[in-house]
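**Student:** Input structure: start-v5.txt, which contains compact mmCIF, C-alpha atoms.
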# COMPACT_ATOMS: atom_id res chain seq x y z
CA MET A 1 22.80 -1.28 -9.94
CA ASN A 2 21.64 -0.29 -13.41
CA ILE A 3 23.35 -1.35 -16.61
CA HIS A 4 23.01 -0.30 -20.24
CA GLU A 5 20.72 -1.92 -22.78
CA TYR A 6 23.59 -3.51 -24.69
CA GLN A 7 24.96 -5.02 -21.47
CA GLY A 8 21.52 -6.33 -20.48
CA LYS A 9 21.16 -7.96 -23.89
CA GLU A 10 24.54 -9.65 -23.48
CA ILE A 11 23.31 -11.20 -20.22
CA LEU A 12 19.98 -12.28 -21.70
CA LYS A 13 21.65 -13.80 -24.74
CA SER A 14 23.95 -15.86 -22.51
CA PHE A 15 20.83 -17.53 -21.05
CA GLY A 16 19.31 -18.32 -24.42
CA VAL A 17 17.03 -15.30 -24.74
CA ARG A 18 16.81 -14.16 -28.38
CA VAL A 19 17.62 -10.45 -28.62
CA GLN A 20 17.84 -7.75 -31.26
CA GLU A 21 21.52 -7.89 -32.21
CA GLY A 22 23.67 -4.79 -32.10
CA ILE A 23 27.12 -3.29 -31.74
CA VAL A 24 27.96 -0.47 -29.32
CA ALA A 25 29.78 2.60 -30.67
CA ASP A 26 31.47 5.54 -28.94
CA THR A 27 31.86 7.72 -32.05
CA PRO A 28 29.88 8.35 -35.26
CA GLU A 29 32.65 6.68 -37.25
CA GLN A 30 32.42 3.56 -35.11
CA ALA A 31 28.65 3.63 -35.65
CA VAL A 32 29.14 3.55 -39.43
CA ALA A 33 31.54 0.60 -39.11
CA ALA A 34 28.99 -1.16 -36.89
CA ALA A 35 26.26 -0.53 -39.46
CA GLN A 36 28.42 -2.16 -42.14
CA LYS A 37 28.86 -5.20 -39.88
CA MET A 38 25.09 -5.34 -39.39
CA LYS A 39 24.63 -5.27 -43.17
CA ASP A 40 27.14 -8.10 -43.63
CA ASP A 41 25.41 -10.19 -40.96
CA PHE A 42 21.74 -9.49 -41.76
CA ASN A 43 21.73 -8.29 -45.37
CA SER A 44 19.98 -5.00 -44.63
CA ASP A 45 21.08 -1.37 -44.83
CA TRP A 46 18.55 -0.40 -42.19
CA VAL A 47 19.71 -0.09 -38.56
CA VAL A 48 18.43 1.60 -35.42
CA ILE A 49 20.66 4.07 -33.56
CA LYS A 50 19.84 3.87 -29.83
CA ALA A 51 21.24 6.17 -27.12
CA GLN A 52 22.73 4.26 -24.20
CA ILE A 53 21.78 5.91 -20.91
CA HIS A 54 20.36 4.60 -17.65
CA ALA A 55 16.80 5.78 -18.27
CA GLY A 56 13.69 4.73 -20.14
CA GLY A 57 11.64 6.78 -22.58
CA ARG A 58 14.60 7.33 -24.90
CA GLY A 59 12.45 7.17 -28.01
CA LYS A 60 10.19 9.99 -26.85
CA GLY A 61 13.25 12.12 -26.09
CA GLY A 62 14.78 11.66 -29.53
CA GLY A 63 17.36 9.09 -28.48
CA VAL A 64 16.22 6.29 -30.82
CA LYS A 65 16.38 6.86 -34.57
CA LEU A 66 16.05 4.69 -37.66
CA ALA A 67 18.81 4.99 -40.26
CA LYS A 68 18.32 3.60 -43.80
CA ASN A 69 21.88 4.03 -45.13
CA HIS A 70 25.40 4.81 -43.95
CA ASP A 71 24.98 8.56 -44.48
CA GLU A 72 21.96 8.55 -42.17
CA VAL A 73 23.85 6.41 -39.65
CA LEU A 74 26.61 9.03 -39.53
CA GLN A 75 24.10 11.87 -39.14
CA ARG A 76 21.96 10.14 -36.51
CA ALA A 77 24.98 9.05 -34.47
CA THR A 78 26.46 12.56 -34.67
CA ASP A 79 23.17 14.03 -33.43
CA ILE A 80 22.75 11.57 -30.56
CA ILE A 81 26.30 11.10 -29.21
CA GLY A 82 27.05 14.01 -26.90
CA MET A 83 23.44 15.21 -26.66
CA GLN A 84 21.79 15.92 -23.32
CA LEU A 85 18.90 13.48 -23.58
CA VAL A 86 15.82 14.42 -21.57
CA THR A 87 13.22 11.69 -20.95
CA PRO A 88 10.39 11.26 -18.42
CA GLN A 89 12.83 9.27 -16.28
CA THR A 90 15.86 11.61 -16.35
CA GLY A 91 14.28 14.75 -14.98
CA PRO A 92 14.61 18.13 -16.69
CA GLU A 93 18.42 18.08 -16.51
CA GLY A 94 18.62 15.00 -18.73
CA LYS A 95 21.63 12.70 -19.19
CA LYS A 96 24.57 13.07 -21.53
CA VAL A 97 24.80 10.33 -24.17
CA ASN A 98 28.32 8.90 -24.41
CA LYS A 99 27.64 5.91 -26.66
CA VAL A 100 25.02 4.42 -28.95
CA LEU A 101 23.91 0.92 -29.85
CA VAL A 102 23.72 0.25 -33.58
CA ALA A 103 20.99 -2.40 -33.70
CA GLN A 104 19.62 -4.62 -36.43
CA ASP A 105 16.30 -3.86 -38.10
CA VAL A 106 13.86 -6.48 -36.80
CA TYR A 107 10.70 -4.98 -38.29
CA TYR A 108 11.30 -6.53 -41.70
CA PRO A 109 8.29 -7.53 -43.88
CA GLY A 110 7.13 -11.13 -43.94
CA GLU A 111 4.21 -13.52 -43.89
CA SER A 112 2.54 -12.00 -40.79
CA GLU A 113 2.37 -8.65 -39.07
CA THR A 114 4.86 -7.73 -36.37
CA LYS A 115 3.43 -7.36 -32.87
CA GLU A 116 4.87 -5.61 -29.80
CA PHE A 117 4.35 -6.89 -26.25
CA TYR A 118 5.42 -5.66 -22.81
CA MET A 119 7.07 -7.98 -20.29
CA SER A 120 8.86 -7.51 -16.99
CA VAL A 121 10.04 -9.73 -14.15
CA LEU A 122 10.23 -8.27 -10.66
CA LEU A 123 9.56 -8.89 -6.98
CA ASP A 124 6.07 -8.28 -5.64
CA ARG A 125 6.95 -7.02 -2.17
CA ALA A 126 3.38 -7.50 -0.93
CA THR A 127 3.60 -11.26 -1.42
CA GLY A 128 7.37 -11.77 -1.32
CA ARG A 129 7.19 -13.59 -4.66
CA ASN A 130 8.54 -12.88 -8.11
CA ILE A 131 5.99 -12.03 -10.76
CA ILE A 132 6.02 -11.83 -14.53
CA MET A 133 4.02 -8.79 -15.64
CA TYR A 134 3.04 -8.63 -19.29
CA SER A 135 0.68 -7.00 -21.75
CA THR A 136 -0.41 -7.21 -25.36
CA GLU A 137 0.10 -3.42 -25.54
CA GLY A 138 3.87 -3.08 -25.71
CA GLY A 139 5.73 0.01 -26.87
CA MET A 140 6.44 3.53 -25.73
CA ASP A 141 3.05 4.19 -24.10
CA ILE A 142 2.96 1.33 -21.59
CA GLU A 143 2.55 3.81 -18.70
CA GLU A 144 -0.68 5.09 -20.25
CA VAL A 145 -1.86 1.51 -20.75
CA ALA A 146 -1.29 0.76 -17.05
CA GLU A 147 -3.10 3.93 -15.99
CA HIS A 148 -6.11 3.92 -18.33
CA THR A 149 -6.60 0.25 -19.22
CA PRO A 150 -5.20 -1.78 -16.31
CA HIS A 151 -7.21 -4.85 -17.40
CA LEU A 152 -4.70 -5.21 -20.25
CA ILE A 153 -1.89 -5.81 -17.76
CA PHE A 154 -1.51 -9.47 -16.72
CA LYS A 155 0.49 -10.89 -13.82
CA GLU A 156 1.84 -14.38 -13.26
CA GLU A 157 3.05 -15.15 -9.74
CA ILE A 158 5.96 -17.57 -9.32
CA ASP A 159 6.04 -19.96 -6.35
CA PRO A 160 9.66 -19.86 -5.09
CA LYS A 161 9.48 -23.52 -4.01
CA VAL A 162 9.04 -24.78 -7.57
CA GLY A 163 9.99 -21.85 -9.81
CA LEU A 164 8.38 -21.03 -13.12
CA GLN A 165 6.27 -23.92 -14.37
CA GLY A 166 5.69 -24.89 -18.00
CA PHE A 167 1.95 -24.31 -17.79
CA GLN A 168 2.60 -20.73 -16.64
CA ALA A 169 4.81 -19.96 -19.63
CA ARG A 170 2.13 -21.46 -21.92
CA LYS A 171 -0.54 -19.38 -20.19
CA ILE A 172 1.46 -16.20 -20.83
CA ALA A 173 1.83 -17.05 -24.51
CA PHE A 174 -1.90 -17.81 -24.74
CA ASN A 175 -2.91 -14.55 -23.02
CA LEU A 176 -0.74 -12.67 -25.52
CA GLY A 177 -2.86 -14.15 -28.30
CA LEU A 178 -0.11 -16.24 -29.87
CA SER A 179 -0.44 -19.55 -31.66
CA GLY A 180 1.68 -21.94 -33.69
CA ALA A 181 5.40 -21.26 -33.97
CA ALA A 182 5.11 -17.87 -32.22
CA HIS A 183 3.38 -19.52 -29.23
CA LYS A 184 6.14 -22.12 -28.90
CA ASP A 185 8.85 -19.50 -29.23
CA MET A 186 7.22 -17.28 -26.59
CA VAL A 187 7.13 -20.23 -24.15
CA LYS A 188 10.89 -20.70 -24.65
CA PHE A 189 11.46 -16.95 -24.38
CA VAL A 190 9.60 -16.66 -21.06
CA ALA A 191 11.41 -19.66 -19.55
CA ALA A 192 14.83 -18.34 -20.57
CA LEU A 193 14.00 -14.81 -19.39
CA TYR A 194 12.96 -15.99 -15.94
CA LYS A 195 16.02 -18.23 -15.64
CA ALA A 196 18.24 -15.24 -16.42
CA TYR A 197 16.45 -13.05 -13.87
CA ASP A 198 16.70 -15.66 -11.13
CA SER A 199 20.30 -16.68 -11.87
CA ILE A 200 21.89 -13.22 -11.75
CA ASP A 201 20.02 -11.97 -8.65
CA ALA A 202 18.29 -9.22 -10.61
CA SER A 203 15.83 -6.86 -8.96
CA MET A 204 14.02 -6.13 -12.23
CA PHE A 205 13.94 -7.06 -15.90
CA GLU A 206 11.86 -4.91 -18.23
CA ILE A 207 11.62 -5.84 -21.90
CA ASN A 208 9.64 -3.26 -23.84
CA PRO A 209 8.98 -4.25 -26.45
CA VAL A 210 9.12 -7.98 -26.75
CA LEU A 211 8.62 -8.41 -30.48
CA LYS A 212 6.91 -11.07 -32.56
CA THR A 213 8.62 -10.71 -35.91
CA SER A 214 6.95 -11.19 -39.28
CA ASP A 215 8.36 -14.74 -39.39
CA ASP A 216 7.02 -15.59 -35.90
CA LYS A 217 10.24 -15.27 -33.91
CA ILE A 218 10.11 -13.80 -30.38
CA LEU A 219 12.92 -11.50 -29.31
CA ALA A 220 13.84 -8.70 -26.92
CA VAL A 221 14.12 -5.36 -28.71
CA ASP A 222 15.03 -3.55 -25.49
CA ALA A 223 16.47 -4.70 -22.18
CA LYS A 224 16.29 -2.74 -18.95
CA VAL A 225 18.11 -4.74 -16.27
CA ASN A 226 18.49 -3.72 -12.63
CA LEU A 227 20.73 -5.75 -10.31
CA ASP A 228 20.47 -6.27 -6.56
CA GLU A 229 23.63 -4.56 -5.28
CA ASN A 230 23.62 -6.76 -2.17
CA ALA A 231 24.24 -9.81 -4.38
CA LEU A 232 26.92 -8.37 -6.66
CA TYR A 233 29.67 -10.10 -4.69
CA ARG A 234 28.41 -13.28 -6.36
CA HIS A 235 28.63 -11.78 -9.85
CA ALA A 236 31.98 -10.06 -10.34
CA ASP A 237 31.55 -10.09 -14.12
CA ILE A 238 28.29 -8.15 -13.85
CA ALA A 239 29.65 -5.79 -11.18
CA ALA A 240 32.37 -4.86 -13.70
CA MET A 241 29.63 -3.54 -16.01
CA ARG A 242 28.94 -0.61 -13.70
CA ASP A 243 29.13 2.75 -15.48
CA VAL A 244 29.79 5.41 -12.84
CA THR A 245 29.45 8.19 -15.44
CA GLU A 246 25.70 7.45 -15.39
CA GLU A 247 25.46 7.94 -11.62
CA ASP A 248 25.41 11.01 -9.41
CA PRO A 249 29.12 11.79 -8.80
CA THR A 250 28.48 12.69 -5.16
CA GLU A 251 26.77 9.35 -4.54
CA VAL A 252 29.71 7.58 -6.20
CA GLU A 253 32.16 9.44 -3.93
CA ALA A 254 30.08 8.54 -0.88
CA GLY A 255 30.12 4.89 -1.86
CA GLU A 256 33.92 4.97 -2.07
CA SER A 257 33.94 6.14 1.56
CA ASN A 258 31.47 3.39 2.56
CA LEU A 259 28.71 5.94 3.15
CA ASN A 260 25.11 5.44 2.10
CA TYR A 261 24.13 8.74 0.48
CA VAL A 262 21.15 9.87 -1.57
CA LYS A 263 20.87 13.48 -2.68
CA LEU A 264 17.53 15.24 -2.11
CA ASP A 265 16.24 18.74 -2.84
CA GLY A 266 16.16 20.34 0.62
CA ASN A 267 18.22 22.81 2.64
CA VAL A 268 19.28 20.84 5.76
CA GLY A 269 22.02 18.27 5.36
CA CYS A 270 21.85 15.31 7.71
CA MET A 271 24.45 12.82 8.87
CA VAL A 272 23.13 9.86 10.85
CA ASN A 273 24.17 6.36 11.89
CA GLY A 274 21.47 3.89 10.89
CA ALA A 275 18.86 3.99 8.15
CA GLY A 276 15.87 4.01 10.52
CA LEU A 277 17.29 6.90 12.54
CA ALA A 278 18.07 8.70 9.28
CA MET A 279 14.41 8.46 8.23
CA ALA A 280 13.28 9.76 11.63
CA THR A 281 15.82 12.60 11.36
CA MET A 282 14.44 13.61 7.98
CA ASP A 283 10.96 13.73 9.53
CA ILE A 284 12.25 15.93 12.36
CA ILE A 285 13.82 18.32 9.85
CA LYS A 286 10.48 18.72 8.09
CA ILE A 287 8.65 19.24 11.39
CA ALA A 288 11.21 21.93 12.24
CA GLY A 289 10.35 23.80 9.06
CA GLY A 290 13.22 22.65 6.89
CA GLU A 291 13.61 20.17 4.06
CA PRO A 292 16.17 17.35 4.14
CA ALA A 293 18.94 17.88 1.58
CA ASN A 294 20.10 14.27 1.67
CA PHE A 295 19.93 10.85 3.22
CA LEU A 296 23.35 10.01 4.68
CA ASP A 297 23.99 6.93 6.80
CA VAL A 298 27.56 6.79 8.12
CA GLY A 299 27.08 3.35 9.67
CA GLY A 300 27.52 2.13 13.20
CA THR A 301 31.21 2.95 13.63
CA ALA A 302 31.30 6.69 12.95
CA ASN A 303 34.72 8.27 13.55
CA ALA A 304 36.66 11.37 12.53
CA GLU A 305 37.34 10.04 9.03
CA THR A 306 33.73 9.11 8.26
CA VAL A 307 32.47 12.38 9.73
CA LYS A 308 34.97 14.33 7.63
CA ALA A 309 33.94 12.45 4.48
CA GLY A 310 30.30 13.13 5.33
CA PHE A 311 30.96 16.85 5.77
CA ASN A 312 32.76 17.07 2.44
CA ILE A 313 29.94 15.32 0.60
CA ILE A 314 27.13 17.35 2.21
CA LEU A 315 28.95 20.64 1.58
CA LYS A 316 29.11 19.94 -2.15
CA ASP A 317 25.41 20.82 -2.22
CA PRO A 318 25.08 24.63 -2.46
CA ASN A 319 21.49 24.45 -1.18
CA VAL A 320 22.54 23.28 2.29
CA LYS A 321 21.95 26.00 4.92
CA ALA A 322 22.58 23.85 8.01
CA ILE A 323 23.80 20.38 8.94
CA LEU A 324 22.18 18.14 11.53
CA ILE A 325 24.32 15.30 12.89
CA ASN A 326 22.21 12.74 14.76
CA ILE A 327 24.15 9.83 16.26
CA PHE A 328 22.95 7.12 18.61
CA GLY A 329 25.89 5.87 20.66
CA GLY A 330 25.19 2.19 20.92
CA ILE A 331 28.05 0.55 19.06
CA VAL A 332 30.17 3.70 19.18
CA ARG A 333 30.64 6.02 22.18
CA CYS A 334 29.15 9.51 21.81
CA ASP A 335 32.28 11.26 23.11
CA ARG A 336 34.34 9.60 20.37
CA VAL A 337 31.89 10.85 17.76
CA ALA A 338 31.96 14.32 19.28
CA GLN A 339 35.76 14.36 19.15
CA GLY A 340 35.51 13.15 15.56
CA VAL A 341 33.23 16.11 14.72
CA ILE A 342 35.66 18.54 16.34
CA ASP A 343 38.68 17.00 14.60
CA ALA A 344 36.94 16.93 11.21
CA TYR A 345 35.74 20.54 11.62
CA SER A 346 39.25 21.68 12.51
CA GLU A 347 40.83 19.76 9.63
CA ILE A 348 38.37 21.02 7.01
CA GLY A 349 38.68 24.59 8.22
CA ASN A 350 35.88 27.10 8.03
CA ILE A 351 32.52 25.40 7.46
CA PRO A 352 30.14 28.07 6.15
CA VAL A 353 26.93 26.65 7.64
CA PRO A 354 25.88 26.04 11.26
CA ILE A 355 26.09 22.48 12.58
CA ILE A 356 23.69 20.91 15.07
CA VAL A 357 25.01 17.79 16.78
CA ARG A 358 22.58 15.55 18.65
CA LEU A 359 24.27 12.66 20.42
CA GLN A 360 22.34 10.16 22.53
CA GLY A 361 23.54 6.98 24.21
CA THR A 362 26.82 6.00 25.83
CA ASN A 363 28.69 9.05 27.21
CA ALA A 364 26.18 11.52 25.73
CA ALA A 365 26.75 14.07 28.53
CA GLU A 366 30.53 13.96 28.04
CA ALA A 367 30.02 14.40 24.31
CA LYS A 368 27.85 17.48 24.81
CA LYS A 369 30.51 19.02 27.04
CA LEU A 370 33.18 18.44 24.39
CA ILE A 371 31.06 20.15 21.73
CA ASP A 372 30.08 23.08 23.96
CA GLU A 373 33.70 23.74 24.98
CA SER A 374 35.17 23.35 21.48
CA GLY A 375 34.76 27.01 20.56
CA LEU A 376 33.46 25.99 17.14
CA GLN A 377 30.21 27.04 15.46
CA VAL A 378 28.54 23.83 16.59
CA TYR A 379 25.30 23.53 18.55
CA SER A 380 24.85 20.48 20.76
CA ALA A 381 21.68 18.68 21.86
CA ILE A 382 20.81 15.45 23.63
CA LEU A 383 17.05 15.28 23.03
CA LEU A 384 15.68 15.07 19.49
CA LYS A 385 13.26 17.86 20.37
CA GLU A 386 16.20 20.13 21.23
CA ALA A 387 17.83 19.33 17.90
CA ALA A 388 14.62 20.24 16.07
CA GLU A 389 14.40 23.56 17.91
CA LEU A 390 18.01 24.33 16.98
CA VAL A 391 17.29 23.53 13.33
CA SER A 392 14.39 26.00 13.40
CA LYS A 393 16.57 28.63 15.08
CA VAL A 394 19.46 28.47 12.61
CA LEU A 395 17.13 28.45 9.60
CA GLU A 396 15.39 31.58 10.89
CA GLU A 397 18.77 33.27 11.30
CA LYS A 398 19.63 32.36 7.72
Turn the structure described in the file into structure tokens.
**Tutor:**
Amino acid sequence: MNIHEYQGKEILKSFGVRVQEGIVADTPEQAVAAAQKMKDDFNSDWVVIKAQIHAGGRGKGGGVKLAKNHDEVLQRATDIIGMQLVTPQTGPEGKKVNKVLVAQDVYYPGESETKEFYMSVLLDRATGRNIIMYSTEGGMDIEEVAEHTPHLIFKEEIDPKVGLQGFQARKIAFNLGLSGAAHKDMVKFVAALYKAYDSIDASMFEINPVLKTSDDKILAVDAKVNLDENALYRHADIAAMRDVTEEDPTEVEAGESNLNYVKLDGNVGCMVNGAGLAMATMDIIKIAGGEPANFLDVGGTANAETVKAGFNIILKDPNVKAILINIFGGIVRCDRVAQGVIDAYSEIGNIPVPIIVRLQGTNAAEAKKLIDESGLQVYSAILLKEAAELVSKVLEEK
């Protein structure tokens, strides 16, 4: 689950991570009021107006703007709230901005120069261990740094038996070229950041940039926080931060029906029980000359209701030219699934695309007979090869 920058900063702050302070605003007028509060708290007219969407690269897309007075705050907030923000991570369709974060100016002049770093905490799946990835080259172009100068990207692996050790935090601060007060503050920052990551069952923290201020303080200017959805039952307060307006509405609807759905760009919708079988089904669709339009796992207890919900979700995609249902009857009997398909088809009414149903396992032969005698525009198969041939046939007819 993704959350907004301002929500991520709230979590980090609760674990002792120093962050760039800010106030979220839904309207330009609220942004002006927030800017006044920032001035009262930090004695500066300057604030940063930051679009709040679930995507990185906001600055490059025009979603992060400096404002030097209240008039500029009003103008910047008016420009950003409601805009369709396109970044390298949103795709060409972009995301609508519904709120902004009015953040304090942390690039104030002082005794030393400010310096931006990159830091993230995530799981290295190759080793099964968490790592802290960091670089002296923080800022908007970190992707180019990773591609063209990978030697500037450092990694610190954390042993799960002992957790982050003090010498590792000191090593990170040293590799970032820090000394004195900034070195000590970075050690504290790293320790608090890792504690936050580990405590909330996060799947990724990305802080870009981590800033050394002109008075040698270390703080998080940004906060991209991803949560492990499988652990959200342990964190009801964080689960409540979910913003469904930032998610694909079809995927949200599927989740409400306990279906695992991911929209893709193809022309053949698929409905399968089991993630592994779903992946194999997508391969079969490609071999048959089609492209999968979605990943949809209805789980091990498919029935008329889940099949009906699956149909409704798949049919929301206008690119779908056929639907392949591929069910292995291990936990559930194939004839029950077949009857569920027939009942769902009848209840929905006319389904404008052909349906191929491949049922294998307990009572597969009885299931095929039910489908064949239903009188509906449904093709039945028992072998996966037969299903693939039917997919090819219906696509050619289209």
**Student:** Determine the nearest neighbour of Val252 in chain A from the options A:Lys286, A:Ile313, A:Ala67, A:Arg170, counting only C-alpha atoms.
**Tutor:** A:Ile313
**Student:** When distances are computed from all atoms listed in the file, which of A:Val394, A:Leu193, A:Thr136, A:Glu247 shows the smallest separation from Lys13 in chain A?
**Tutor:**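 Of all the options, A:Leu193 lies closest to Lys13 in chain A.
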**Student:** Using all atoms listed in the file and a cutoff of 7 Å, can you tell me which residues are near (5.1, -8.5, -16.8) in the file's coordinates, and write them out as a PDB file with C-alpha atoms, in the coordinates of the input?
**Tutor:**
ATOM      1  CA  TYR A 118       5.420  -5.660 -22.810  1.00  0.00           C
ATOM      2  CA  MET A 119       7.070  -7.980 -20.290  1.00  0.00           C
ATOM      3  CA  SER A 120       8.860  -7.510 -16.990  1.00  0.00           C
ATOM      4  CA  VAL A 121      10.040  -9.730 -14.150  1.00  0.00           C
ATOM      5  CA  ILE A 132       6.020 -11.830 -14.530  1.00  0.00           C
ATOM      6  CA  MET A 133       4.020  -8.790 -15.640  1.00  0.00           C
ATOM      7  CA  TYR A 134       3.040  -8.630 -19.290  1.00  0.00           C
ATOM      8  CA  SER A 135       0.680  -7.000 -21.750  1.00  0.00           C
ATOM      9  CA  PHE A 154      -1.510  -9.470 -16.720  1.00  0.00           C
ATOM     10  CA  LYS A 155       0.490 -10.890 -13.820  1.00  0.00           C
TER      11      LYS A 155
END
**Student:** Any idea what's packed within 8 Å of Leu219 in chain A, counting all atoms listed in the file, ignoring anything in its chain fewer than 2 positions away? Could you give it as an MDAnalysis selection string?
**Tutor:** chainID A and resid 17:20 189 210:213 217 221
**Student:** Which residues come within 9 Å of Pro109 in chain A, counting only C-alpha atoms, excluding same-chain residues fewer than 4 positions away, as a CSV table (one decimal) with C-alpha atoms, in the coordinates of the input?
**Tutor:**
chain,number,residue,atom,x,y,z
A,113,GLU,CA,2.4,-8.6,-39.1
A,114,THR,CA,4.9,-7.7,-36.4
A,213,THR,CA,8.6,-10.7,-35.9
A,214,SER,CA,7.0,-11.2,-39.3
A,215,ASP,CA,8.4,-14.7,-39.4
**Student:** Taking into account all atoms listed in the file, which residue in the set A:Ser14, A:Pro92, A:Ile131, A:Lys115 is nearest to Gly177 in chain A?
**Tutor:**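 Closest to Gly177 in chain A of all the choices is A:Lys115.
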**Student:** Using only C-alpha atoms, pick whichever of A:Ile371, A:Ile382, A:Asp216, A:Lys68 has the shortest atom-to-atom distance to Ser179 in chain A.
**Tutor:** A:Asp216
**Student:** Write out as a VMD selection string the residues lying within 10 Å of range 326-337 of chain A, counting all atoms listed in the file and excluding same-chain residues fewer than 5 positions away.
**Tutor:** chain A and resid 270 to 274 277 to 278 280 to 281 297 to 304 306 to 307 342 to 343 356 to 371 381 to 382 384 387
**Student:** Residues near Gln165 in chain A, anyone? I mean within 12 Å using all atoms listed in the file, not counting same-chain ones fewer than 2 positions away, as a PDB file with C-alpha atoms, in the frame of the given file.
**Tutor:**
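That gives us around22.pdb:
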ATOM      1  CA  GLU A 156       1.840 -14.380 -13.260  1.00  0.00           C
ATOM      2  CA  GLU A 157       3.050 -15.150  -9.740  1.00  0.00           C
ATOM      3  CA  ILE A 158       5.960 -17.570  -9.320  1.00  0.00           C
ATOM      4  CA  ASP A 159       6.040 -19.960  -6.350  1.00  0.00           C
ATOM      5  CA  PRO A 160       9.660 -19.860  -5.090  1.00  0.00           C
ATOM      6  CA  LYS A 161       9.480 -23.520  -4.010  1.00  0.00           C
ATOM      7  CA  VAL A 162       9.040 -24.780  -7.570  1.00  0.00           C
ATOM      8  CA  GLY A 163       9.990 -21.850  -9.810  1.00  0.00           C
ATOM      9  CA  PHE A 167       1.950 -24.310 -17.790  1.00  0.00           C
ATOM     10  CA  GLN A 168       2.600 -20.730 -16.640  1.00  0.00           C
ATOM     11  CA  ALA A 169       4.810 -19.960 -19.630  1.00  0.00           C
ATOM     12  CA  ARG A 170       2.130 -21.460 -21.920  1.00  0.00           C
ATOM     13  CA  LYS A 171      -0.540 -19.380 -20.190  1.00  0.00           C
ATOM     14  CA  ILE A 172       1.460 -16.200 -20.830  1.00  0.00           C
ATOM     15  CA  VAL A 187       7.130 -20.230 -24.150  1.00  0.00           C
ATOM     16  CA  LYS A 188      10.890 -20.700 -24.650  1.00  0.00           C
ATOM     17  CA  VAL A 190       9.600 -16.660 -21.060  1.00  0.00           C
ATOM     18  CA  ALA A 191      11.410 -19.660 -19.550  1.00  0.00           C
ATOM     19  CA  ALA A 192      14.830 -18.340 -20.570  1.00  0.00           C
ATOM     20  CA  TYR A 194      12.960 -15.990 -15.940  1.00  0.00           C
ATOM     21  CA  LYS A 195      16.020 -18.230 -15.640  1.00  0.00           C
TER      22      LYS A 195
END
**Student:** Could you list, as a ChimeraX atom specification, every residue within 12 Å of Gln30 in chain A, counting only C-alpha atoms and ignoring same-chain residues fewer than 2 positions away?
**Tutor:** /A:23-28,32-37,49,70,73-74,77-78,81,99-102
**Student:** Between A:Asp198, A:Ile314, A:Lys308, A:Val106, which residue has the minimum interatomic distance to Asp228 in chain A, considering only C-alpha atoms?
**Tutor:**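 For Asp228 in chain A, the nearest of the candidates is A:Asp198.
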**Student:** Hey, which of A:Val341, A:Ile11, A:Ile142, A:Met204 ends up closest to Gly57 in chain A? Count only C-alpha atoms.
**Tutor:**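 Of A:Val341, A:Ile11, A:Ile142, A:Met204, the one nearest Gly57 in chain A, counting only C-alpha atoms, is A:Ile142.
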**Student:** Would you compute the distance between CA of Ser380 in chain A and CA of Phe295 in chain A? Give it in Å to one decimal.
**Tutor:** 20.6 Å
**Student:** Quote the spacing between CA of Phe174 in chain A and CA of Val225 in chain A in Å to one decimal place.
**Tutor:**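 Interatomic distance here is 25.4 Å.
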**Student:** List every protein, DNA or RNA residue with an atom no more than 12 Å from (21.2, 7.0, -1.2) in the file's coordinates, counting only C-alpha atoms, and format the result as a CSV table (one decimal) with C-alpha atoms, keeping the file's coordinate frame.
**Tutor:**
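File result_8.csv, as written:
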chain,number,residue,atom,x,y,z
A,247,GLU,CA,25.5,7.9,-11.6
A,248,ASP,CA,25.4,11.0,-9.4
A,249,PRO,CA,29.1,11.8,-8.8
A,250,THR,CA,28.5,12.7,-5.2
A,251,GLU,CA,26.8,9.4,-4.5
A,252,VAL,CA,29.7,7.6,-6.2
A,253,GLU,CA,32.2,9.4,-3.9
A,254,ALA,CA,30.1,8.5,-0.9
A,255,GLY,CA,30.1,4.9,-1.9
A,258,ASN,CA,31.5,3.4,2.6
A,259,LEU,CA,28.7,5.9,3.2
A,260,ASN,CA,25.1,5.4,2.1
A,261,TYR,CA,24.1,8.7,0.5
A,262,VAL,CA,21.2,9.9,-1.6
A,263,LYS,CA,20.9,13.5,-2.7
A,264,LEU,CA,17.5,15.2,-2.1
A,275,ALA,CA,18.9,4.0,8.2
A,278,ALA,CA,18.1,8.7,9.3
A,279,MET,CA,14.4,8.5,8.2
A,293,ALA,CA,18.9,17.9,1.6
A,294,ASN,CA,20.1,14.3,1.7
A,295,PHE,CA,19.9,10.8,3.2
A,296,LEU,CA,23.4,10.0,4.7
A,297,ASP,CA,24.0,6.9,6.8
A,298,VAL,CA,27.6,6.8,8.1
**Student:** Just give me the gap between CA of Gly310 in chain A and CA of Asp265 in chain A in Å, one decimal is fine.
**Tutor:**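 Going from CA of Gly310 in chain A over to CA of Asp265 in chain A, I get 17.2 Å.
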